[in-house]
file protein.cif (mmCIF, C-alpha atoms and all ligand atoms)
data_structure
#
loop_
_atom_site.label_atom_id
_atom_site.label_comp_id
_atom_site.auth_asym_id
_atom_site.auth_seq_id
_atom_site.Cartn_x
_atom_site.Cartn_y
_atom_site.Cartn_z
CA MET A 1 46.66 50.87 5.32
CA SER A 2 44.06 53.56 4.71
CA ALA A 3 44.31 55.66 1.55
CA LEU A 4 46.34 58.84 1.39
CA PHE A 5 43.60 60.35 -0.74
CA GLY A 6 40.19 58.73 -1.03
CA ILE A 7 38.38 60.02 -4.10
CA ASP A 8 34.66 59.29 -4.17
CA GLY A 9 32.42 60.16 -7.12
CA LEU A 10 34.52 63.25 -7.92
CA THR A 11 32.82 65.38 -10.55
CA VAL A 12 34.04 68.83 -11.54
CA THR A 13 31.83 70.80 -13.92
CA ARG A 14 32.89 74.15 -15.39
CA ASP A 15 30.97 76.00 -18.11
CA ASN A 16 28.57 73.02 -18.44
CA THR A 17 31.50 70.69 -19.21
CA ARG A 18 32.47 67.79 -16.98
CA LEU A 19 36.23 68.10 -16.51
CA LEU A 20 36.10 65.14 -14.12
CA ASP A 21 33.23 62.68 -14.29
CA GLU A 22 32.40 60.46 -11.30
CA VAL A 23 36.00 59.55 -10.53
CA THR A 24 36.25 57.05 -7.67
CA THR A 25 39.65 55.67 -6.65
CA ASP A 26 42.22 55.68 -3.87
CA ILE A 27 45.73 57.09 -3.93
CA PRO A 28 47.90 54.94 -1.68
CA GLY A 29 50.00 56.31 1.18
CA SER A 30 53.28 55.11 -0.27
CA GLY A 31 55.14 55.01 -3.54
CA VAL A 32 54.78 57.02 -6.73
CA THR A 33 51.28 57.27 -8.18
CA THR A 34 51.30 58.57 -11.73
CA VAL A 35 48.26 60.17 -13.30
CA ILE A 36 48.26 59.64 -17.05
CA GLY A 37 45.93 60.54 -19.88
CA ALA A 38 45.79 62.52 -23.09
CA SER A 39 45.96 66.32 -23.13
CA GLY A 40 42.74 67.70 -21.71
CA SER A 41 41.74 64.45 -19.97
CA GLY A 42 41.53 66.13 -16.56
CA LYS A 43 44.90 65.29 -14.97
CA SER A 44 45.68 68.84 -13.78
CA THR A 45 42.12 69.29 -12.57
CA LEU A 46 42.44 66.16 -10.44
CA LEU A 47 45.75 67.34 -8.97
CA ARG A 48 44.31 70.80 -8.27
CA CYS A 49 41.41 69.19 -6.39
CA LEU A 50 43.91 67.33 -4.19
CA ASN A 51 45.49 70.69 -3.25
CA LEU A 52 42.16 72.52 -2.69
CA LEU A 53 42.70 74.72 -5.74
CA GLU A 54 39.46 73.35 -7.20
CA SER A 55 36.38 72.13 -5.37
CA PRO A 56 34.25 69.17 -6.42
CA THR A 57 30.91 70.00 -8.01
CA THR A 58 29.73 66.71 -6.55
CA GLY A 59 31.59 63.93 -4.77
CA ALA A 60 34.24 64.18 -2.08
CA ILE A 61 37.93 63.69 -1.36
CA THR A 62 39.51 62.64 1.90
CA TYR A 63 43.12 63.20 2.98
CA ARG A 64 44.26 60.55 5.47
CA GLY A 65 40.60 59.94 6.26
CA THR A 66 39.58 63.59 6.75
CA ASP A 67 37.22 65.31 4.31
CA LEU A 68 39.32 67.85 2.38
CA ALA A 69 36.42 70.30 2.42
CA THR A 70 36.83 70.64 6.20
CA LEU A 71 40.55 71.50 6.01
CA ASP A 72 42.11 74.95 5.87
CA PRO A 73 43.80 75.24 2.43
CA ARG A 74 46.99 76.79 3.83
CA THR A 75 47.33 74.10 6.47
CA LEU A 76 46.78 71.40 3.84
CA ARG A 77 49.27 72.95 1.42
CA ARG A 78 52.02 72.91 4.05
CA LYS A 79 51.58 69.14 4.13
CA VAL A 80 50.69 68.55 0.49
CA ALA A 81 53.09 70.53 -1.70
CA MET A 82 52.39 71.09 -5.38
CA VAL A 83 54.59 71.88 -8.35
CA PHE A 84 52.72 73.38 -11.27
CA GLN A 85 53.04 72.79 -14.98
CA LYS A 86 53.97 76.45 -15.50
CA PRO A 87 56.68 77.43 -13.01
CA THR A 88 56.21 80.68 -11.12
CA VAL A 89 59.30 82.27 -9.61
CA PHE A 90 59.18 85.20 -7.22
CA ALA A 91 61.26 88.40 -7.29
CA GLY A 92 64.79 88.15 -5.93
CA THR A 93 67.42 85.48 -6.05
CA VAL A 94 67.09 81.71 -6.15
CA ALA A 95 67.95 81.66 -2.43
CA ASP A 96 65.22 84.25 -1.75
CA ASN A 97 62.76 82.00 -3.59
CA LEU A 98 63.69 79.01 -1.45
CA ARG A 99 63.35 81.13 1.71
CA THR A 100 59.77 82.10 0.81
CA ALA A 101 59.01 78.48 1.69
CA ASP A 102 61.19 78.39 4.81
CA PRO A 103 62.69 81.70 6.01
CA ARG A 104 65.08 79.85 8.34
CA LEU A 105 66.66 77.79 5.57
CA SER A 106 70.44 77.75 6.00
CA ASP A 107 72.79 78.31 3.06
CA SER A 108 73.87 74.67 3.18
CA ASP A 109 70.28 73.39 3.23
CA ALA A 110 69.44 75.71 0.31
CA ALA A 111 72.46 74.38 -1.60
CA ALA A 112 71.42 70.79 -0.84
CA LEU A 113 67.95 71.46 -2.25
CA LEU A 114 69.46 72.73 -5.51
CA THR A 115 71.63 69.64 -5.75
CA ARG A 116 68.59 67.39 -5.26
CA VAL A 117 66.88 68.93 -8.31
CA GLY A 118 70.03 68.96 -10.44
CA LEU A 119 70.78 72.70 -10.30
CA PRO A 120 74.31 73.94 -9.59
CA VAL A 121 74.92 75.29 -6.10
CA ASP A 122 76.27 78.56 -7.50
CA ALA A 123 72.76 79.28 -8.86
CA LEU A 124 71.74 80.33 -5.32
CA ASN A 125 72.67 83.97 -5.98
CA ARG A 126 71.17 84.16 -9.46
CA VAL A 127 68.21 86.45 -10.06
CA ALA A 128 65.40 83.92 -10.29
CA ASP A 129 63.56 85.43 -13.23
CA THR A 130 66.64 85.07 -15.45
CA MET A 131 66.31 81.28 -15.28
CA SER A 132 65.25 79.20 -18.26
CA GLY A 133 61.90 77.41 -18.18
CA GLY A 134 63.52 74.11 -17.23
CA GLU A 135 65.66 75.74 -14.53
CA ALA A 136 62.59 77.51 -13.13
CA GLN A 137 60.71 74.19 -13.04
CA ARG A 138 63.49 72.70 -10.94
CA LEU A 139 63.65 75.75 -8.68
CA CYS A 140 59.90 75.42 -8.05
CA LEU A 141 60.40 71.77 -7.17
CA ALA A 142 63.23 72.65 -4.78
CA ARG A 143 61.02 75.34 -3.20
CA ALA A 144 58.21 72.82 -2.77
CA LEU A 145 60.60 70.45 -1.00
CA ALA A 146 61.99 73.16 1.30
CA THR A 147 59.18 72.65 3.81
CA ALA A 148 59.68 68.85 3.87
CA PRO A 149 56.07 68.17 2.84
CA GLU A 150 54.23 64.94 3.67
CA VAL A 151 53.22 64.52 0.03
CA LEU A 152 54.44 65.94 -3.28
CA LEU A 153 52.06 66.62 -6.15
CA ALA A 154 53.86 67.31 -9.45
CA ASP A 155 52.15 68.39 -12.67
CA GLU A 156 54.28 67.64 -15.74
CA ALA A 157 57.39 68.58 -13.75
CA THR A 158 59.77 67.52 -16.51
CA SER A 159 57.95 69.02 -19.51
CA ALA A 160 60.69 71.62 -20.21
CA LEU A 161 63.68 69.43 -19.33
CA ASP A 162 66.27 67.55 -21.36
CA GLU A 163 66.86 63.84 -20.88
CA ALA A 164 69.57 64.17 -18.22
CA SER A 165 67.60 66.63 -16.07
CA THR A 166 64.46 64.54 -16.52
CA ALA A 167 66.35 61.53 -15.20
CA VAL A 168 67.44 63.52 -12.11
CA LEU A 169 63.83 64.41 -11.29
CA GLU A 170 62.51 60.91 -12.00
CA ASN A 171 65.15 59.59 -9.61
CA LEU A 172 64.17 62.23 -7.05
CA ALA A 173 60.51 61.16 -7.23
CA VAL A 174 61.48 57.54 -6.64
CA GLN A 175 63.85 58.51 -3.78
CA LEU A 176 61.22 60.68 -2.10
CA ALA A 177 58.72 57.84 -2.19
CA ALA A 178 61.33 55.37 -0.92
CA GLY A 179 62.02 57.77 1.96
CA GLY A 180 58.35 57.84 2.98
CA THR A 181 57.06 60.85 1.04
CA PRO A 182 54.41 59.64 -1.38
CA VAL A 183 54.40 61.34 -4.77
CA VAL A 184 51.50 61.97 -7.15
CA TRP A 185 53.05 62.65 -10.55
CA VAL A 186 51.13 63.78 -13.63
CA THR A 187 52.63 62.85 -16.98
CA HIS A 188 51.50 61.91 -20.45
CA ASP A 189 54.81 60.16 -21.14
CA MET A 190 54.18 56.42 -20.90
CA GLY A 191 57.92 55.70 -20.73
CA GLN A 192 58.27 57.98 -17.73
CA MET A 193 55.25 56.38 -16.10
CA HIS A 194 56.87 52.95 -16.41
CA ARG A 195 60.20 54.22 -15.05
CA ILE A 196 58.77 55.65 -11.82
CA ALA A 197 55.22 54.44 -11.13
CA ASP A 198 54.13 52.02 -8.44
CA GLN A 199 50.48 52.82 -9.14
CA VAL A 200 48.76 54.35 -12.15
CA ILE A 201 45.55 56.31 -12.51
CA ARG A 202 44.45 56.83 -16.10
CA LEU A 203 41.92 59.41 -17.20
CA ASP A 204 40.12 59.72 -20.50
CA HIS A 205 37.80 62.70 -21.06
CA GLY A 206 37.50 63.15 -17.30
CA ARG A 207 36.65 59.52 -16.62
CA LEU A 208 38.75 57.00 -14.76
CA THR A 209 39.68 54.24 -17.21
CA TYR A 210 42.40 52.45 -15.20
CA ALA A 211 43.66 52.29 -11.63
CA GLY A 212 46.31 49.73 -10.84
CA PRO A 213 49.93 48.72 -11.39
CA PRO A 214 51.85 49.91 -14.47
CA ALA A 215 52.20 46.42 -15.95
CA GLY A 216 49.77 45.92 -18.77
CA LEU A 217 49.80 49.51 -19.97
CA PRO A 218 51.72 50.49 -23.13
CA VAL A 219 55.47 50.84 -22.49
CA SER A 220 56.26 54.00 -24.44
CA GLY A 221 54.88 56.95 -26.37
CA HIS A 222 52.52 59.67 -25.30
CA ASP A 223 49.17 58.76 -23.86
CA ASP A 224 46.54 59.54 -26.45
CA GLY A 225 43.82 57.65 -24.62
CA SER A 226 44.12 54.44 -26.68
CA ARG A 227 45.18 51.05 -25.34
N1 LIG A 301 38.07 76.59 -15.50
C1 LIG A 301 37.79 75.89 -16.61
N2 LIG A 301 36.67 76.13 -17.32
C2 LIG A 301 36.39 75.43 -18.43
N3 LIG A 301 37.19 74.45 -18.92
C3 LIG A 301 38.30 74.17 -18.25
C4 LIG A 301 38.69 74.87 -17.07
N4 LIG A 301 39.86 74.35 -16.64
C5 LIG A 301 40.20 73.39 -17.51
N5 LIG A 301 39.28 73.28 -18.48
C6 LIG A 301 39.28 72.29 -19.59
O1 LIG A 301 39.13 71.03 -18.94
C7 LIG A 301 39.84 70.02 -19.63
C8 LIG A 301 40.75 69.31 -18.67
O2 LIG A 301 41.83 70.18 -18.34
P1 LIG A 301 43.11 69.70 -17.53
O3 LIG A 301 44.06 70.85 -17.49
O4 LIG A 301 42.68 69.11 -16.24
O5 LIG A 301 43.66 68.54 -18.47
P2 LIG A 301 45.08 67.83 -18.52
O6 LIG A 301 44.81 66.37 -18.68
O7 LIG A 301 45.91 68.23 -17.34
O8 LIG A 301 45.69 68.44 -19.85
P3 LIG A 301 47.24 68.71 -20.30
O9 LIG A 301 47.91 67.38 -20.39
O10 LIG A 301 47.09 69.37 -21.63
O11 LIG A 301 47.84 69.61 -19.25
C9 LIG A 301 40.53 70.70 -20.80
O12 LIG A 301 39.74 70.50 -21.95
C10 LIG A 301 40.56 72.17 -20.38
O13 LIG A 301 40.54 73.02 -21.51
#
call {"tool": "encode", "arguments": {"input": "protein.cif", "output": "structure tokens", "more": "lines below"}}
Ligand SMILES: Nc1ncnc2c1ncn2[C@@H]1O[C@H](COP(=O)(O)OP(=O)(O)OP(=O)(O)O)[C@@H](O)[C@H]1O
result
Amino acid sequence: MSALFGIDGLTVTRDNTRLLDEVTTDIPGSGVTTVIGASGSGKSTLLRCLNLLESPTTGAITYRGTDLATLDPRTLRRKVAMVFQKPTVFAGTVADNLRTADPRLSDSDAAALLTRVGLPVDALNRVADTMSGGEAQRLCLARALATAPEVLLADEATSALDEASTAVLENLAVQLAAGGTPVVWVTHDMGQMHRIADQVIRLDHGRLTYAGPPAGLPVSGHDDGSR
């Protein structure tokens, strides 16, 4: 099967610093691919490139065989949804937020989305900007799923969550992948990586240091770049 994303010699330079340095790897079209690495290793930059929020300085990325640079960002983002490290909620209620993604979303579909991310159904009528950081993270994930994307990109989606809510989202990532929606999941939690990953990409100072199955990588702790 051809790659979901083909990454070829990807280099991103900003302010004379290489945030990504000649990264070449494939992201497969099924399963959960986790991107791991210490803080500042370039994980978010890689994810942002996959969503056309950053452009390569040199190198190229393909999506299902098509050069990303030739695709309209809005068209791509309807297929490749992204959840950011810092959640951004819009004015209005939780339901209003979900309907920014799909204006035709029924009340029952909106409620089902909340349930998938571990939020109570009665949160639908809450004013979105009264939510806690962890609740907002889950709302943003629900909003990303409202359009039934082909792919989900998630950047530290559980960073503000307790253990139980983290488990709900880890399970969701695995279920999405099992249902045919590949997931690219950034984390620096090695335990989380082992719980959900089928494939791992590891970055260190912008360089690819590992691409392969999770076996063989440390089983717990935070990735500080050591082995
Ligand atoms: N526009 C920019 N200009 C200059 N430096 C940048 C820019 N964006 C990011 N950086 C730097 O590039 C490096 C990689 O950032 P990135 O956010 O991709 O890392 P990360 O692995 O996701 O980190 P974290 O785990 O802390 O979120 C960091 O040192 C960051 O400060």
call {"tool": "residues_near_ligand", "arguments": {"input": "protein.cif", "ligand": "ligand LIG 301 (chain A)", "cutoff": "6 Å", "atoms": "only C-alpha atoms and all ligand atoms", "output": "ChimeraX atom specification"}}
result
/A:14-15,19,38-45
call {"tool": "residues_around", "arguments": {"input": "protein.cif", "residues": "Val183 in chain A", "least_positions_apart": "5", "cutoff": "12 Å", "atoms": "only C-alpha atoms", "output": "MDAnalysis selection string"}}
result
chainID A and resid 4:5 27:35 47 80:83 145 149:155 157 169:178 196:200
call {"tool": "residues_around", "arguments": {"input": "protein.cif", "residues": "Arg99 in chain A", "least_positions_apart": "3", "cutoff": "12 Å", "atoms": "all atoms listed in the file", "output": "NGL selection string"}}
result
:A and (90-96 or 102-107 or 109-111 or 113 or 124 or 139-140 or 142-147)
call {"tool": "closest_residue", "arguments": {"input": "protein.cif", "among": "A:Arg77, A:Arg116, A:Arg202, A:Arg207", "to": "Ile36 in chain A", "atoms": "all atoms listed in the file"}}
result
A:Arg202
call {"tool": "atom_distance", "arguments": {"input": "protein.cif", "atom1": "CA of Val12 in chain A", "atom2": "CA of Ser55 in chain A"}}
result
7.4 Å
call {"tool": "atom_distance", "arguments": {"input": "protein.cif", "atom1": "CA of Val89 in chain A", "atom2": "CA of Ala136 in chain A"}}
result
6.8 Å
call {"tool": "atom_distance", "arguments": {"input": "protein.cif", "atom1": "CA of Leu76 in chain A", "atom2": "CA of Arg48 in chain A"}}
result
12.4 Å
call {"tool": "closest_residue", "arguments": {"input": "protein.cif", "among": "A:Ala123, A:Leu203, A:Gly59, A:Ser2", "to": "Leu98 in chain A", "atoms": "all atoms listed in the file"}}
result
A:Ala123
call {"tool": "closest_residue", "arguments": {"input": "protein.cif", "among": "A:Leu217, A:Leu161, A:Met193, A:Ala112", "to": "Ser132 in chain A", "atoms": "all atoms listed in the file"}}
result
A:Leu161
call {"tool": "residues_around", "arguments": {"input": "protein.cif", "residues": "Leu119 in chain A", "least_positions_apart": "5", "cutoff": "8 Å", "atoms": "all atoms listed in the file", "output": "list in words"}}
result
Leu114, Glu135, Arg138 and Leu139 of chain A
call {"tool": "closest_residue", "arguments": {"input": "protein.cif", "among": "A:Gln85, A:Ala164, A:Glu22, A:Thr181", "to": "Gln137 in chain A", "atoms": "all atoms listed in the file"}}
result
A:Gln85
call {"tool": "closest_residue", "arguments": {"input": "protein.cif", "among": "A:Val168, A:Ile201, A:Val117, A:Ile61", "to": "Cys49 in chain A", "atoms": "all atoms listed in the file"}}
result
A:Ile61
call {"tool": "closest_residue", "arguments": {"input": "protein.cif", "among": "A:Pro214, A:Arg78, A:Asp129, A:Asp122", "to": "Ala148 in chain A", "atoms": "all atoms listed in the file"}}
result
A:Arg78
